[in-house]
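**Q** This is the content of query.txt (compact mmCIF, C-alpha atoms):
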# COMPACT_ATOMS: atom_id res chain seq x y z
CA MET P 247 0.00 0.00 0.00
CA ASN P 248 1.53 3.36 -0.98
CA LYS P 249 1.98 6.30 1.39
CA GLU P 250 -0.79 8.41 -0.17
CA ARG P 251 -3.38 5.68 0.31
CA ILE P 252 -2.35 5.15 3.94
CA ILE P 253 -2.68 8.91 4.64
CA LYS P 254 -6.14 8.96 3.08
CA ILE P 255 -7.35 5.96 5.08
CA VAL P 256 -6.01 7.46 8.32
CA LEU P 257 -7.67 10.84 7.55
CA ILE P 258 -11.03 9.20 6.79
CA ALA P 259 -10.82 7.21 10.04
CA VAL P 260 -9.83 10.25 12.17
CA ILE P 261 -12.42 12.62 10.70
CA GLY P 262 -15.10 9.91 10.85
CA MET P 263 -14.27 9.32 14.50
CA ILE P 264 -14.33 13.06 15.35
CA ALA P 265 -17.70 13.39 13.58
CA ALA P 266 -19.09 10.38 15.46
CA LEU P 267 -17.81 11.62 18.84
CA GLY P 268 -19.36 15.04 18.15
CA ALA P 269 -22.65 13.44 17.14
CA ILE P 270 -23.12 11.25 20.23
CA PRO P 271 -24.12 14.06 22.68
CA LEU P 272 -26.48 15.54 20.08
CA TYR P 273 -28.05 12.13 19.39
CA ARG P 274 -28.54 11.55 23.12
CA HIS P 275 -30.07 15.01 23.53
CA ARG P 276 -32.46 14.45 20.63
CA HIS P 277 -33.67 11.17 22.13
CA PHE P 278 -33.57 12.20 25.81
CA PRO P 279 -37.00 11.49 27.38
CA MET P 280 -38.55 14.04 29.72
CA PRO P 281 -40.97 12.19 32.05
CA PHE P 282 -44.31 13.81 32.84
CA VAL P 283 -46.34 12.14 35.59
CA ALA P 284 -49.97 12.62 34.60
CA GLY P 285 -51.77 13.76 37.74
CA PRO P 286 -55.35 13.14 38.87
CA GLY P 287 -56.66 15.86 36.54
CA VAL P 288 -55.47 14.22 33.30
CA THR P 289 -58.36 12.23 31.84
CA ARG P 290 -56.70 11.17 28.56
CA VAL P 291 -53.69 11.83 26.36
CA VAL P 292 -54.17 12.17 22.62
CA LYS P 293 -51.93 13.10 19.71
CA LEU P 294 -51.82 16.25 17.61
CA SER P 295 -52.00 14.00 14.54
CA ASN P 296 -55.65 13.24 15.47
CA TYR P 297 -56.45 16.67 14.07
CA GLY P 298 -54.23 17.08 11.02
CA PRO P 299 -52.54 15.06 8.25
CA GLY P 300 -48.85 14.34 7.80
CA LEU P 301 -47.83 14.20 11.48
CA LYS P 302 -48.55 10.61 12.53
CA GLY P 303 -45.44 8.68 13.50
CA LYS P 304 -43.21 11.74 13.22
CA ILE P 305 -41.21 13.31 16.04
CA VAL P 306 -43.38 16.45 15.77
CA ASP P 307 -46.55 14.57 16.71
CA ALA P 308 -46.91 16.15 20.16
CA ASP P 309 -48.95 14.78 23.07
CA ILE P 310 -52.09 16.64 24.12
CA PHE P 311 -52.94 16.15 27.81
CA VAL P 312 -56.70 16.49 28.10
CA MET P 313 -57.98 17.52 31.54
CA GLU P 314 -61.78 17.26 31.70
CA GLY P 315 -63.84 18.55 34.58
CA LYS P 316 -66.82 16.71 36.07
CA GLU P 317 -69.00 19.64 35.09
CA PRO P 318 -69.19 20.80 31.43
CA GLY P 319 -68.00 24.31 30.72
CA GLY P 320 -65.60 26.21 28.49
CA LYS P 321 -62.45 24.89 26.85
CA ALA P 322 -58.92 26.26 26.85
CA PHE P 323 -55.82 25.26 24.90
CA LEU P 324 -52.50 25.83 26.69
CA MET P 325 -49.26 25.37 24.76
CA ALA P 326 -45.62 25.66 25.75
CA ASP P 327 -42.33 25.13 23.91
CA THR P 328 -43.60 26.84 20.78
CA HIS P 329 -40.10 28.25 21.14
CA ALA P 330 -38.26 25.51 23.00
CA ASN P 331 -35.46 27.83 24.18
CA GLU P 332 -38.01 29.65 26.39
CA PRO P 333 -38.66 26.87 28.94
CA ALA P 334 -40.66 28.65 31.67
CA GLY P 335 -43.90 27.66 29.93
CA LEU P 336 -42.83 24.01 29.73
CA LEU P 337 -42.04 23.98 33.46
CA ALA P 338 -45.35 25.67 34.27
CA MET P 339 -47.26 23.12 32.17
CA MET P 340 -45.50 20.29 34.02
CA ILE P 341 -46.83 21.68 37.32
CA LEU P 342 -50.30 21.87 35.79
CA ILE P 343 -50.28 18.36 34.31
CA GLU P 344 -48.89 16.75 37.47
CA ASN P 345 -51.03 18.58 40.05
CA ALA P 346 -54.09 20.41 38.76
CA VAL P 347 -57.64 19.12 38.76
CA VAL P 348 -60.24 20.70 36.49
CA GLU P 349 -63.60 21.08 38.19
CA LYS P 350 -65.53 22.70 35.33
CA GLY P 351 -64.68 22.81 31.63
CA THR P 352 -61.75 21.24 29.79
CA LEU P 353 -58.08 22.03 29.30
CA TYR P 354 -56.02 20.82 26.33
CA VAL P 355 -52.38 21.08 27.35
CA VAL P 356 -49.43 20.64 24.99
CA PRO P 357 -46.15 21.00 26.93
CA THR P 358 -43.87 20.55 23.88
CA PHE P 359 -45.76 22.14 21.01
CA ASN P 360 -42.72 22.27 18.72
CA ALA P 361 -41.43 18.83 19.61
CA SER P 362 -38.69 19.08 16.97
CA ALA P 363 -37.37 22.39 18.34
CA SER P 364 -37.29 20.87 21.82
CA ARG P 365 -34.84 18.26 20.41
CA ASN P 366 -32.75 20.88 18.61
CA THR P 367 -29.99 23.11 19.98
CA LYS P 368 -28.03 26.23 19.06
CA PRO P 369 -24.33 25.31 19.12
CA GLY P 370 -23.30 28.68 17.67
CA ASP P 371 -24.63 30.37 20.82
CA GLY P 372 -23.13 27.71 23.10
CA TYR P 373 -26.50 26.58 24.43
CA PRO P 374 -26.39 23.95 27.19
CA LEU P 375 -28.08 20.72 26.10
CA TYR P 376 -29.87 20.18 29.43
CA PHE P 377 -30.83 21.92 32.63
CA ASP P 378 -31.79 20.44 35.99
CA ILE P 379 -34.46 21.49 38.45
CA PRO P 380 -33.88 20.42 42.07
CA THR P 381 -36.72 18.64 43.89
CA ASP P 382 -37.15 16.99 47.28
CA TRP P 383 -36.41 13.59 45.69
CA GLY P 384 -33.55 14.55 43.31
CA GLN P 385 -33.02 16.48 40.10
CA VAL P 386 -35.41 16.56 37.15
CA ARG P 387 -33.54 16.92 33.89
CA PHE P 388 -35.02 18.81 30.93
CA ARG P 389 -33.82 19.19 27.36
CA MET P 390 -32.89 22.76 26.46
CA GLY P 391 -34.26 23.27 22.97
CA ASN P 392 -34.02 25.90 20.27
CA ARG P 393 -36.34 28.51 18.82
CA ASP P 394 -36.81 26.69 15.52
CA ALA P 395 -37.51 23.11 14.51
CA SER P 396 -34.54 21.03 13.48
CA PRO P 397 -33.61 20.91 9.78
CA LEU P 398 -33.56 17.13 10.31
CA GLU P 399 -37.36 17.34 10.26
CA GLN P 400 -37.88 20.04 7.65
CA TRP P 401 -35.38 20.72 4.88
CA PRO P 402 -34.39 22.67 2.81
CA ASP P 403 -35.13 26.21 4.00
CA PRO P 404 -36.34 28.66 1.36
CA ASP P 405 -34.45 31.93 0.66
CA VAL P 406 -37.50 33.79 1.97
CA TYR P 407 -40.46 32.27 3.79
CA ILE P 408 -43.68 33.38 2.12
CA HIS P 409 -46.36 33.11 4.76
CA TYR P 410 -49.58 31.28 3.94
CA PRO P 411 -52.18 32.63 3.22
CA ASP P 412 -51.14 36.29 3.44
CA LYS P 413 -48.03 36.00 1.24
CA GLN P 414 -46.09 38.20 3.66
CA MET P 415 -42.35 37.72 3.24
CA LEU P 416 -40.65 36.55 6.44
CA SER P 417 -37.13 35.42 7.31
CA TYR P 418 -36.14 32.07 5.78
CA LEU P 419 -35.70 30.66 9.31
CA ASP P 420 -39.35 31.35 10.13
CA VAL P 421 -40.42 28.41 7.98
CA ARG P 422 -39.30 26.29 10.98
CA ASN P 423 -40.69 28.68 13.62
CA THR P 424 -44.09 27.54 14.91
CA ASN P 425 -44.87 31.08 15.95
CA ARG P 426 -44.72 32.23 12.33
CA THR P 427 -46.46 29.37 10.57
CA TRP P 428 -50.01 29.92 11.89
CA PRO P 429 -52.67 29.22 10.67
CA GLY P 430 -50.86 26.59 8.62
CA ARG P 431 -52.15 24.32 5.87
CA PRO P 432 -52.59 20.55 5.60
CA ASP P 433 -50.16 20.15 2.69
CA GLY P 434 -47.58 22.82 3.58
CA PRO P 435 -44.13 22.45 5.13
CA LEU P 436 -44.11 20.30 8.28
CA MET P 437 -44.33 23.21 10.76
CA GLU P 438 -47.35 24.59 8.89
CA ARG P 439 -48.94 21.15 9.32
CA VAL P 440 -48.25 21.31 13.07
CA THR P 441 -50.00 24.67 13.42
CA TYR P 442 -52.77 23.55 11.04
CA ALA P 443 -53.45 20.52 13.28
CA ALA P 444 -53.66 22.83 16.32
CA MET P 445 -56.03 25.16 14.43
CA GLU P 446 -58.21 22.18 13.49
CA MET P 447 -58.25 21.06 17.12
CA MET P 448 -59.44 24.52 18.20
CA ARG P 449 -62.10 24.63 15.48
CA GLN P 450 -63.34 21.04 15.98
CA GLU P 451 -63.33 21.10 19.79
CA LYS P 452 -64.80 24.63 19.88
CA ILE P 453 -62.04 25.92 22.13
CA ASP P 454 -62.75 29.28 23.77
CA LEU P 455 -59.24 30.40 24.75
CA ALA P 456 -55.68 29.68 23.63
CA VAL P 457 -52.67 30.63 25.75
CA ASP P 458 -49.20 30.41 24.19
CA PHE P 459 -46.36 30.59 26.78
CA HIS P 460 -43.14 32.34 25.75
CA GLY P 461 -40.12 34.21 27.06
CA ALA P 462 -38.53 37.36 25.66
CA GLU P 463 -35.29 39.27 26.08
CA THR P 464 -35.12 42.04 28.69
CA MET P 465 -33.87 44.37 25.91
CA PHE P 466 -36.89 43.61 23.72
CA PRO P 467 -39.89 45.92 24.23
CA VAL P 468 -42.44 43.11 23.91
CA THR P 469 -41.49 41.41 27.17
CA ASN P 470 -43.13 40.86 30.53
CA CYS P 471 -46.53 41.19 28.89
CA ILE P 472 -49.66 39.62 27.47
CA VAL P 473 -49.90 40.00 23.70
CA ALA P 474 -53.53 40.03 22.62
CA PRO P 475 -55.53 40.99 19.53
CA GLN P 476 -58.52 43.32 19.79
CA LYS P 477 -60.98 40.48 20.47
CA SER P 478 -58.97 39.31 23.52
CA ALA P 479 -57.96 42.78 24.75
CA LYS P 480 -60.61 43.23 27.47
CA ILE P 481 -59.81 39.94 29.17
CA ALA P 482 -56.05 40.56 28.82
CA THR P 483 -56.38 44.04 30.34
CA MET P 484 -58.44 42.78 33.26
CA ALA P 485 -55.94 39.96 33.88
CA SER P 486 -53.02 42.40 33.73
CA MET P 487 -54.64 44.86 36.14
CA THR P 488 -55.70 42.12 38.55
CA VAL P 489 -52.27 40.49 38.86
CA LYS P 490 -50.71 43.92 39.38
CA ALA P 491 -53.21 44.83 42.11
CA MET P 492 -53.52 41.45 43.83
CA GLU P 493 -50.12 39.84 43.31
CA GLY P 494 -47.83 42.83 42.87
CA PHE P 495 -46.12 42.12 39.56
CA ASP P 496 -46.26 43.96 36.25
CA ASN P 497 -47.48 42.25 33.12
CA HIS P 498 -48.68 44.88 30.67
CA VAL P 499 -50.80 44.31 27.58
CA GLU P 500 -49.33 44.63 24.07
CA PRO P 501 -51.67 44.79 21.07
CA SER P 502 -51.20 42.08 18.46
CA PRO P 503 -50.09 43.87 15.26
CA GLY P 504 -52.75 43.49 12.56
CA ASN P 505 -50.27 43.28 9.70
CA PHE P 506 -47.64 40.99 11.17
CA HIS P 507 -48.64 37.48 10.14
CA GLY P 508 -47.98 33.95 11.25
CA LEU P 509 -48.08 34.60 15.01
CA SER P 510 -50.39 32.64 17.30
CA HIS P 511 -51.87 35.78 18.87
CA ARG P 512 -52.82 37.05 15.40
CA GLU P 513 -53.88 34.04 13.34
CA ILE P 514 -55.68 31.93 15.97
CA GLY P 515 -58.10 34.81 16.48
CA ASP P 516 -58.45 35.53 12.76
CA PHE P 517 -58.99 31.93 11.65
CA SER P 518 -61.15 30.56 14.49
CA ASP P 519 -63.57 31.66 17.19
CA THR P 520 -60.89 31.10 19.86
CA LEU P 521 -59.55 34.06 21.85
CA PRO P 522 -55.73 33.97 21.70
CA PHE P 523 -53.24 35.24 24.29
CA LEU P 524 -49.46 35.07 24.17
CA LEU P 525 -47.61 35.43 27.46
CA GLU P 526 -44.05 36.76 27.51
CA ALA P 527 -41.91 36.38 30.65
CA PRO P 528 -38.46 38.01 30.68
CA ILE P 529 -35.60 35.59 29.99
CA PRO P 530 -32.16 37.22 30.35
CA PHE P 531 -30.54 34.08 28.85
CA LEU P 532 -31.82 35.14 25.41
CA ASP P 533 -30.37 38.66 25.54
CA GLN P 534 -27.32 39.10 23.32
CA PRO P 535 -24.99 41.19 25.53
CA THR P 536 -24.60 38.65 28.33
CA GLY P 537 -21.84 36.44 29.64
CA PRO P 538 -21.67 32.75 28.67
CA LYS P 539 -24.99 30.99 28.05
CA THR P 540 -24.79 28.76 31.09
CA VAL P 541 -27.44 26.76 32.94
CA LYS P 542 -26.98 29.17 35.85
CA LEU P 543 -27.85 32.15 33.65
CA LEU P 544 -30.87 30.27 32.32
CA LEU P 545 -32.15 29.51 35.81
CA ASP P 546 -31.30 32.64 37.84
CA GLY P 547 -31.12 35.25 35.06
CA GLU P 548 -28.24 37.05 36.81
CA ASP P 549 -25.79 38.78 34.49
CA PRO P 550 -23.35 41.67 35.16
CA PHE P 551 -23.64 43.08 31.63
CA LEU P 552 -27.42 43.30 31.88
CA LEU P 553 -27.00 44.93 35.27
CA SER P 554 -24.88 47.68 33.66
CA LEU P 555 -27.45 48.07 30.90
CA SER P 556 -30.19 48.33 33.49
CA ALA P 557 -28.32 51.17 35.21
CA ALA P 558 -28.14 52.88 31.81
CA LYS P 559 -31.93 52.37 31.42
CA LYS P 560 -31.56 50.17 28.35
CA LEU P 561 -33.80 47.35 29.58
CA PHE P 562 -37.56 47.13 29.34
CA VAL P 563 -38.00 45.41 32.72
CA PRO P 564 -36.80 46.20 36.24
CA TYR P 565 -33.48 44.40 36.78
CA ASP P 566 -31.18 44.19 39.80
CA GLU P 567 -28.60 41.84 41.40
CA THR P 568 -31.28 39.18 41.90
CA GLY P 569 -31.64 38.75 38.13
CA TRP P 570 -34.90 37.24 36.93
CA PRO P 571 -35.14 33.75 38.47
CA MET P 572 -36.96 30.91 36.74
CA ASP P 573 -39.42 30.50 39.64
CA LYS P 574 -40.54 34.10 39.18
CA ARG P 575 -41.08 33.61 35.43
CA ILE P 576 -43.03 30.37 35.97
CA GLY P 577 -45.05 32.03 38.73
CA GLN P 578 -46.00 34.89 36.43
CA HIS P 579 -47.08 32.48 33.70
CA ALA P 580 -49.18 30.50 36.18
CA SER P 581 -50.91 33.53 37.72
CA VAL P 582 -51.57 35.30 34.42
CA ALA P 583 -52.97 32.13 32.82
CA LEU P 584 -55.23 31.52 35.83
CA GLU P 585 -56.37 35.13 35.76
CA ILE P 586 -57.20 34.95 32.03
CA LEU P 587 -59.33 31.83 32.71
CA LYS P 588 -61.00 33.59 35.66
CA GLN P 589 -61.79 36.76 33.72
CA PHE P 590 -63.19 34.74 30.80
CA SER P 591 -65.29 32.67 33.21
CA LYS P 592 -66.71 35.83 34.83
CA LYS P 593 -67.86 37.14 31.45
CA ASN P 594 -69.10 33.75 30.23
CA PRO P 595 -70.49 31.85 33.24
CA GLU P 596 -72.03 29.15 31.04
CA ARG P 597 -68.57 28.50 29.51
CA ALA P 598 -66.64 28.88 32.76
CA ILE P 599 -63.40 26.97 33.38
CA LYS P 600 -62.49 26.23 36.99
CA LEU P 601 -59.50 24.33 38.31
CA SER P 602 -57.66 23.71 41.55
CA GLY P 603 -54.14 22.56 42.42
CA PHE P 604 -52.32 24.96 40.10
CA PRO P 605 -50.29 27.30 42.33
CA ARG P 606 -50.03 31.04 41.78
CA TYR P 607 -47.03 33.40 41.62
CA ALA P 608 -46.28 33.91 45.33
CA GLU P 609 -46.58 30.21 46.13
CA ILE P 610 -44.24 29.11 43.30
CA VAL P 611 -41.66 31.79 44.19
CA ARG P 612 -41.83 30.81 47.87
CA ASN P 613 -41.69 27.01 47.42
CA GLY P 614 -39.63 26.67 44.24
CA VAL P 615 -40.89 24.93 41.14
CA GLY P 616 -39.28 21.58 42.05
CA THR P 617 -41.72 21.23 44.97
CA TYR P 618 -44.51 20.46 42.54
CA TYR P 619 -42.81 17.75 40.50
CA HIS P 620 -43.45 14.06 41.11
CA ASP P 621 -40.89 11.26 41.03
CA PRO P 622 -41.58 9.18 37.91
CA ALA P 623 -39.78 6.20 39.50
CA LYS P 624 -42.43 6.06 42.24
CA ALA P 625 -45.42 6.81 40.01
CA ASP P 626 -47.72 4.30 38.33
CA PRO P 627 -45.86 3.53 35.05
CA LYS P 628 -49.13 3.98 33.14
CA SER P 629 -49.27 7.61 34.25
CA VAL P 630 -45.73 8.45 33.07
CA HIS P 631 -45.56 10.04 29.63
CA TYR P 632 -42.24 10.76 27.97
CA GLU P 633 -42.07 13.96 25.95
CA MET R 653 -41.54 14.50 -0.86
CA PRO R 654 -41.80 17.92 -2.62
CA VAL R 655 -39.97 18.35 -5.94
CA ILE R 656 -37.76 21.09 -4.45
CA THR R 657 -36.52 18.70 -1.73
CA ILE R 658 -35.72 16.02 -4.31
CA LEU R 659 -33.76 18.61 -6.32
CA TYR R 660 -31.81 19.62 -3.19
CA TYR R 661 -30.95 15.97 -2.54
CA LEU R 662 -29.72 15.62 -6.13
CA ILE R 663 -27.59 18.79 -5.82
CA THR R 664 -26.17 17.49 -2.53
CA ALA R 665 -25.33 14.13 -4.11
CA PHE R 666 -23.62 15.92 -7.01
CA ILE R 667 -21.45 17.99 -4.64
CA VAL R 668 -20.60 14.88 -2.62
CA ALA R 669 -19.51 13.15 -5.83
CA LEU R 670 -17.34 16.16 -6.80
CA LEU R 671 -15.69 16.27 -3.36
CA ALA R 672 -15.10 12.51 -3.33
CA TRP R 673 -13.63 12.70 -6.84
CA ASN R 674 -11.28 15.54 -5.82
CA PHE R 675 -10.30 13.71 -2.63
CA GLY R 676 -9.44 10.62 -4.69
CA ARG R 677 -7.37 12.65 -7.17
CA GLU R 678 -5.46 14.63 -4.56
CA LYS R 679 -1.91 13.25 -4.36
CA LYS R 680 0.15 15.68 -2.28
CA SER R 681 -1.71 18.25 -0.21
CA VAL R 682 -2.86 16.74 3.11
CA ASN R 683 -4.54 20.08 3.92
CA ASP R 684 -6.75 19.78 0.85
CA MET R 685 -7.58 16.16 1.68
CA ILE R 686 -8.71 17.23 5.18
CA LEU R 687 -10.70 20.09 3.70
CA TYR R 688 -12.56 17.78 1.27
CA LEU R 689 -13.38 15.37 4.08
CA LEU R 690 -14.62 18.07 6.45
CA VAL R 691 -16.89 19.56 3.82
CA ILE R 692 -18.24 16.18 2.75
CA VAL R 693 -19.37 15.12 6.29
CA PRO R 694 -22.60 17.17 6.62
CA LEU R 695 -23.53 16.58 2.99
CA LEU R 696 -23.04 12.83 3.35
CA LEU R 697 -25.12 12.77 6.54
CA ARG R 698 -27.89 14.62 4.69
CA ILE R 699 -27.90 12.14 1.80
CA LEU R 700 -27.87 9.16 4.16
CA ARG R 701 -30.63 10.90 6.19
CA VAL R 702 -28.81 10.17 9.44
CA LYS R 703 -30.66 11.75 12.37
Could you quickly redo this structure as C-alpha cells?
**A**
Amino acid sequence: MNKERIIKIVLIAVIGMIAALGAIPLYRHRHFPMPFVAGPGVTRVVKLSNYGPGLKGKIVDADIFVMEGKEPGGKAFLMADTHANEPAGLLAMMILIENAVVEKGTLYVVPTFNASASRNTKPGDGYPLYFDIPTDWGQVRFRMGNRDASPLEQWPDPDVYIHYPDKQMLSYLDVRNTNRTWPGRPDGPLMERVTYAAMEMMRQEKIDLAVDFHGAETMFPVTNCIVAPQKSAKIATMASMTVKAMEGFDNHVEPSPGNFHGLSHREIGDFSDTLPFLLEAPIPFLDQPTGPKTVKLLLDGEDPFLLSLSAAKKLFVPYDETGWPMDKRIGQHASVALEILKQFSKKNPERAIKLSGFPRYAEIVRNGVGTYYHDPAKADPKSVHYE
Amino acid sequence: MPVITILYYLITAFIVALLAWNFGREKKSVNDMILYLLVIVPLLLRILRVK
C-alpha cells in the first residue's frame, strides 16, 4: 500500500471518528426522554395528529394532555415550547399536568408544542443541552431546545419564507418557527402542518381560549406582557390589572399587530372563534450582551452586563442583582394564565373553566418549582408520559 | 416529498460526488484532503438521512 493511500485511510478514520464523537451528545439530547407524571386531573392523552394530516409517527406529533372537569363548561388550549429555548412555559405546564384538577370545563395542554425544536440546539450560541431542576427527591432533567424546529425534520429552508395565506415575506428561518407558521395548511411544510393541526383542534373542539407561553429578552420591548388581539384585549387588560393589584407584579398588555402574520396571537383569532393570548416572561438568557450561556444564567437570570445596561436604562424590565429567576417567570405564567381563565369565566359563566391545584405566583416563588414535580420512578408507570 | 426537496438531494449528491472525486485525485496536499473530508461530512449525513 503506498503512502498516499495510507494517509487517506487514516484521515477518513480520524475525521469519521471526530464526527461520530461530536454526534453522540447531540443524538442523546435528541432522544432524551422528559418524564411527565400525569396527575389526577389528566383524563386522557391524545396526539396532535388526530387533528391534522402528515404528522402521525413523526417526532413532531406532540402529546395533548386532556384535563376534563366533572362539570361541562368552556375549553382552553394551553401550549408551551412553541419556542423551546423559552422553557418557563414548559415547566409551568408540568406543574399543571402533574397537580391540577379541572372542576368545570376542559383544558387541552401541549407541553412541547414544537417537539422538533425541543430536540434541537443552538451550538453557535453555546446553548447547554440540558438543565436540571432540584426537587425533594432529586433532580429533574429537561432538554434545552431551540427557537426553531430542526432541519432534520424540515429541509431545505427557502431563501424567503412566504407566509400562507397572506403572502407576507418573512425570514427564511421562520419556515421552521411555529410562531410564524399559523394558521398553517394541511399540505404545507411540516411546521405549517403542526400549526394547522392545532387550528383544526381549536375549530373542531370549539375551544374558547388559547394561551401560548413564551419568554422574551429584557432588551426587547415586547417582554413581561400579554400580547392580545382586539378580540382578547378586554380579558387581557383585566388579567393584567388584577395580577398587578392582587399579586404585585407587572405584566402589561401589548396589542397584536394586525399586519404581522404567522403569530399565534394574530392568526388563531383571525382563523377561528378562539380568543388567543401570548404570554411573555423576561428571559435574560436570550439577551445578546450577556456572559456565557450557562445553565446558571438560564435559571437565575443574573448577568453583570445586563445589570450595567439596566443602570443605563436600556432594559424594558426592572433588573437588579437578583436577576430574573426561573421560579418568578413560571409564577408569572401561572398567575396570568389563571387570571385569564378567571376573567373569561366571569364574562361567560355558562362557559366557565375552573381548576384547583395549580399554584399562583407567590406560592411558586416561595416554594420553588421543584416542589410540585413528582418522582416518575415512584409513580404508576401507566401515568408516566415521555415527551 | 416535494420536488424542491428532491432537487436539493440531487444537488447534494452531485457535490458529494465532486468532493469525493477531488479527494481521490489529490496526491500531495494533506490540507486539501482534510478540507474535502470536512466539507463532505454534513452533505453525506444529509444524503444518508442520518438523524
**Q** Each residue of chain R with at least one atom at most 9 Å from chain P should appear once, together with its nearest atom pair and the corresponding distance in Å (one decimal); atoms considered: all atoms listed in the file; ordering: chain, then increasing residue number; output as JSON lines.
**A**
{"residue": "R:Ile656", "atom": "CA", "partner": "P:Pro402", "partner_atom": "CA", "distance": 8.2}
{"residue": "R:Thr657", "atom": "CA", "partner": "P:Pro402", "partner_atom": "CA", "distance": 6.4}
{"residue": "R:Tyr660", "atom": "CA", "partner": "P:Pro402", "partner_atom": "CA", "distance": 7.2}
{"residue": "R:Phe675", "atom": "CA", "partner": "P:Lys254", "partner_atom": "CA", "distance": 8.5}
{"residue": "R:Gly676", "atom": "CA", "partner": "P:Lys254", "partner_atom": "CA", "distance": 8.6}
{"residue": "R:Glu678", "atom": "CA", "partner": "P:Glu250", "partner_atom": "CA", "distance": 8.9}
{"residue": "R:Lys679", "atom": "CA", "partner": "P:Glu250", "partner_atom": "CA", "distance": 6.5}
{"residue": "R:Lys680", "atom": "CA", "partner": "P:Glu250", "partner_atom": "CA", "distance": 7.6}
{"residue": "R:Val682", "atom": "CA", "partner": "P:Ile253", "partner_atom": "CA", "distance": 8.0}
{"residue": "R:Met685", "atom": "CA", "partner": "P:Lys254", "partner_atom": "CA", "distance": 7.5}
{"residue": "R:Ile686", "atom": "CA", "partner": "P:Leu257", "partner_atom": "CA", "distance": 6.9}
{"residue": "R:Leu689", "atom": "CA", "partner": "P:Ile258", "partner_atom": "CA", "distance": 7.1}
{"residue": "R:Leu690", "atom": "CA", "partner": "P:Ile261", "partner_atom": "CA", "distance": 7.3}
{"residue": "R:Val693", "atom": "CA", "partner": "P:Ala265", "partner_atom": "CA", "distance": 7.7}
{"residue": "R:Arg698", "atom": "CA", "partner": "P:Leu398", "partner_atom": "CA", "distance": 8.4}
{"residue": "R:Arg701", "atom": "CA", "partner": "P:Leu398", "partner_atom": "CA", "distance": 8.0}
{"residue": "R:Val702", "atom": "CA", "partner": "P:Leu398", "partner_atom": "CA", "distance": 8.5}
{"residue": "R:Lys703", "atom": "CA", "partner": "P:Leu398", "partner_atom": "CA", "distance": 6.4}
**Q** Selected residues, C-alpha atoms, written as a tab-separated table (two decimals), in the frame of the given file, please.
**A**
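Listing of result-v2.tsv after writing:
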chain	number	residue	atom	x	y	z
R	656	ILE	CA	-37.76	21.09	-4.45
R	657	THR	CA	-36.52	18.70	-1.73
R	660	TYR	CA	-31.81	19.62	-3.19
R	675	PHE	CA	-10.30	13.71	-2.63
R	676	GLY	CA	-9.44	10.62	-4.69
R	678	GLU	CA	-5.46	14.63	-4.56
R	679	LYS	CA	-1.91	13.25	-4.36
R	680	LYS	CA	0.15	15.68	-2.28
R	682	VAL	CA	-2.86	16.74	3.11
R	685	MET	CA	-7.58	16.16	1.68
R	686	ILE	CA	-8.71	17.23	5.18
R	689	LEU	CA	-13.38	15.37	4.08
R	690	LEU	CA	-14.62	18.07	6.45
R	693	VAL	CA	-19.37	15.12	6.29
R	698	ARG	CA	-27.89	14.62	4.69
R	701	ARG	CA	-30.63	10.90	6.19
R	702	VAL	CA	-28.81	10.17	9.44
R	703	LYS	CA	-30.66	11.75	12.37
**Q** Mind pulling up the distance from CA of Gly320 in chain P to CA of Ile599 in chain P?
**A** 5.4 Å
**Q** Go ahead and compute the interatomic distance for CA of Asp327 in chain P and CA of Ala395 in chain P, in Å to one decimal.
**A** 10.8 Å
**Q** Could you give me, as a PyMOL selection string, the residues that sit within 7 Å of (-47.9, 17.0, 14.1) in the file's coordinates, counting only C-alpha atoms?
**A** chain P and resi 294-295+300-302+306-308+439-440+443
**Q** Produce the centre coordinates and the three edge lengths, each in Å to one decimal, of the box along x, y and z that contains all listed atoms of range 689-693 of chain R with 3 Å added on each side, as JSON.
**A**
{"center_x": -16.4, "center_y": 17.3, "center_z": 4.6, "size_x": 12.0, "size_y": 10.4, "size_z": 9.7}
**Q** Write out as a tab-separated table (two decimals) with C-alpha atoms, in the coordinates of the input which residues come within 9 Å of range 565-581 of chain P when counting only C-alpha atoms, dropping same-chain ones fewer than 5 positions away.
**A**
chain	number	residue	atom	x	y	z
P	333	PRO	CA	-38.66	26.87	28.94
P	334	ALA	CA	-40.66	28.65	31.67
P	335	GLY	CA	-43.90	27.66	29.93
P	336	LEU	CA	-42.83	24.01	29.73
P	337	LEU	CA	-42.04	23.98	33.46
P	338	ALA	CA	-45.35	25.67	34.27
P	339	MET	CA	-47.26	23.12	32.17
P	342	LEU	CA	-50.30	21.87	35.79
P	459	PHE	CA	-46.36	30.59	26.78
P	460	HIS	CA	-43.14	32.34	25.75
P	461	GLY	CA	-40.12	34.21	27.06
P	464	THR	CA	-35.12	42.04	28.69
P	470	ASN	CA	-43.13	40.86	30.53
P	489	VAL	CA	-52.27	40.49	38.86
P	493	GLU	CA	-50.12	39.84	43.31
P	495	PHE	CA	-46.12	42.12	39.56
P	497	ASN	CA	-47.48	42.25	33.12
P	525	LEU	CA	-47.61	35.43	27.46
P	526	GLU	CA	-44.05	36.76	27.51
P	527	ALA	CA	-41.91	36.38	30.65
P	528	PRO	CA	-38.46	38.01	30.68
P	529	ILE	CA	-35.60	35.59	29.99
P	530	PRO	CA	-32.16	37.22	30.35
P	543	LEU	CA	-27.85	32.15	33.65
P	544	LEU	CA	-30.87	30.27	32.32
P	545	LEU	CA	-32.15	29.51	35.81
P	546	ASP	CA	-31.30	32.64	37.84
P	547	GLY	CA	-31.12	35.25	35.06
P	548	GLU	CA	-28.24	37.05	36.81
P	549	ASP	CA	-25.79	38.78	34.49
P	550	PRO	CA	-23.35	41.67	35.16
P	552	LEU	CA	-27.42	43.30	31.88
P	553	LEU	CA	-27.00	44.93	35.27
P	556	SER	CA	-30.19	48.33	33.49
P	557	ALA	CA	-28.32	51.17	35.21
P	586	ILE	CA	-57.20	34.95	32.03
P	604	PHE	CA	-52.32	24.96	40.10
P	605	PRO	CA	-50.29	27.30	42.33
P	606	ARG	CA	-50.03	31.04	41.78
P	607	TYR	CA	-47.03	33.40	41.62
P	608	ALA	CA	-46.28	33.91	45.33
P	609	GLU	CA	-46.58	30.21	46.13
P	610	ILE	CA	-44.24	29.11	43.30
P	611	VAL	CA	-41.66	31.79	44.19
P	612	ARG	CA	-41.83	30.81	47.87
P	613	ASN	CA	-41.69	27.01	47.42
P	614	GLY	CA	-39.63	26.67	44.24
P	615	VAL	CA	-40.89	24.93	41.14
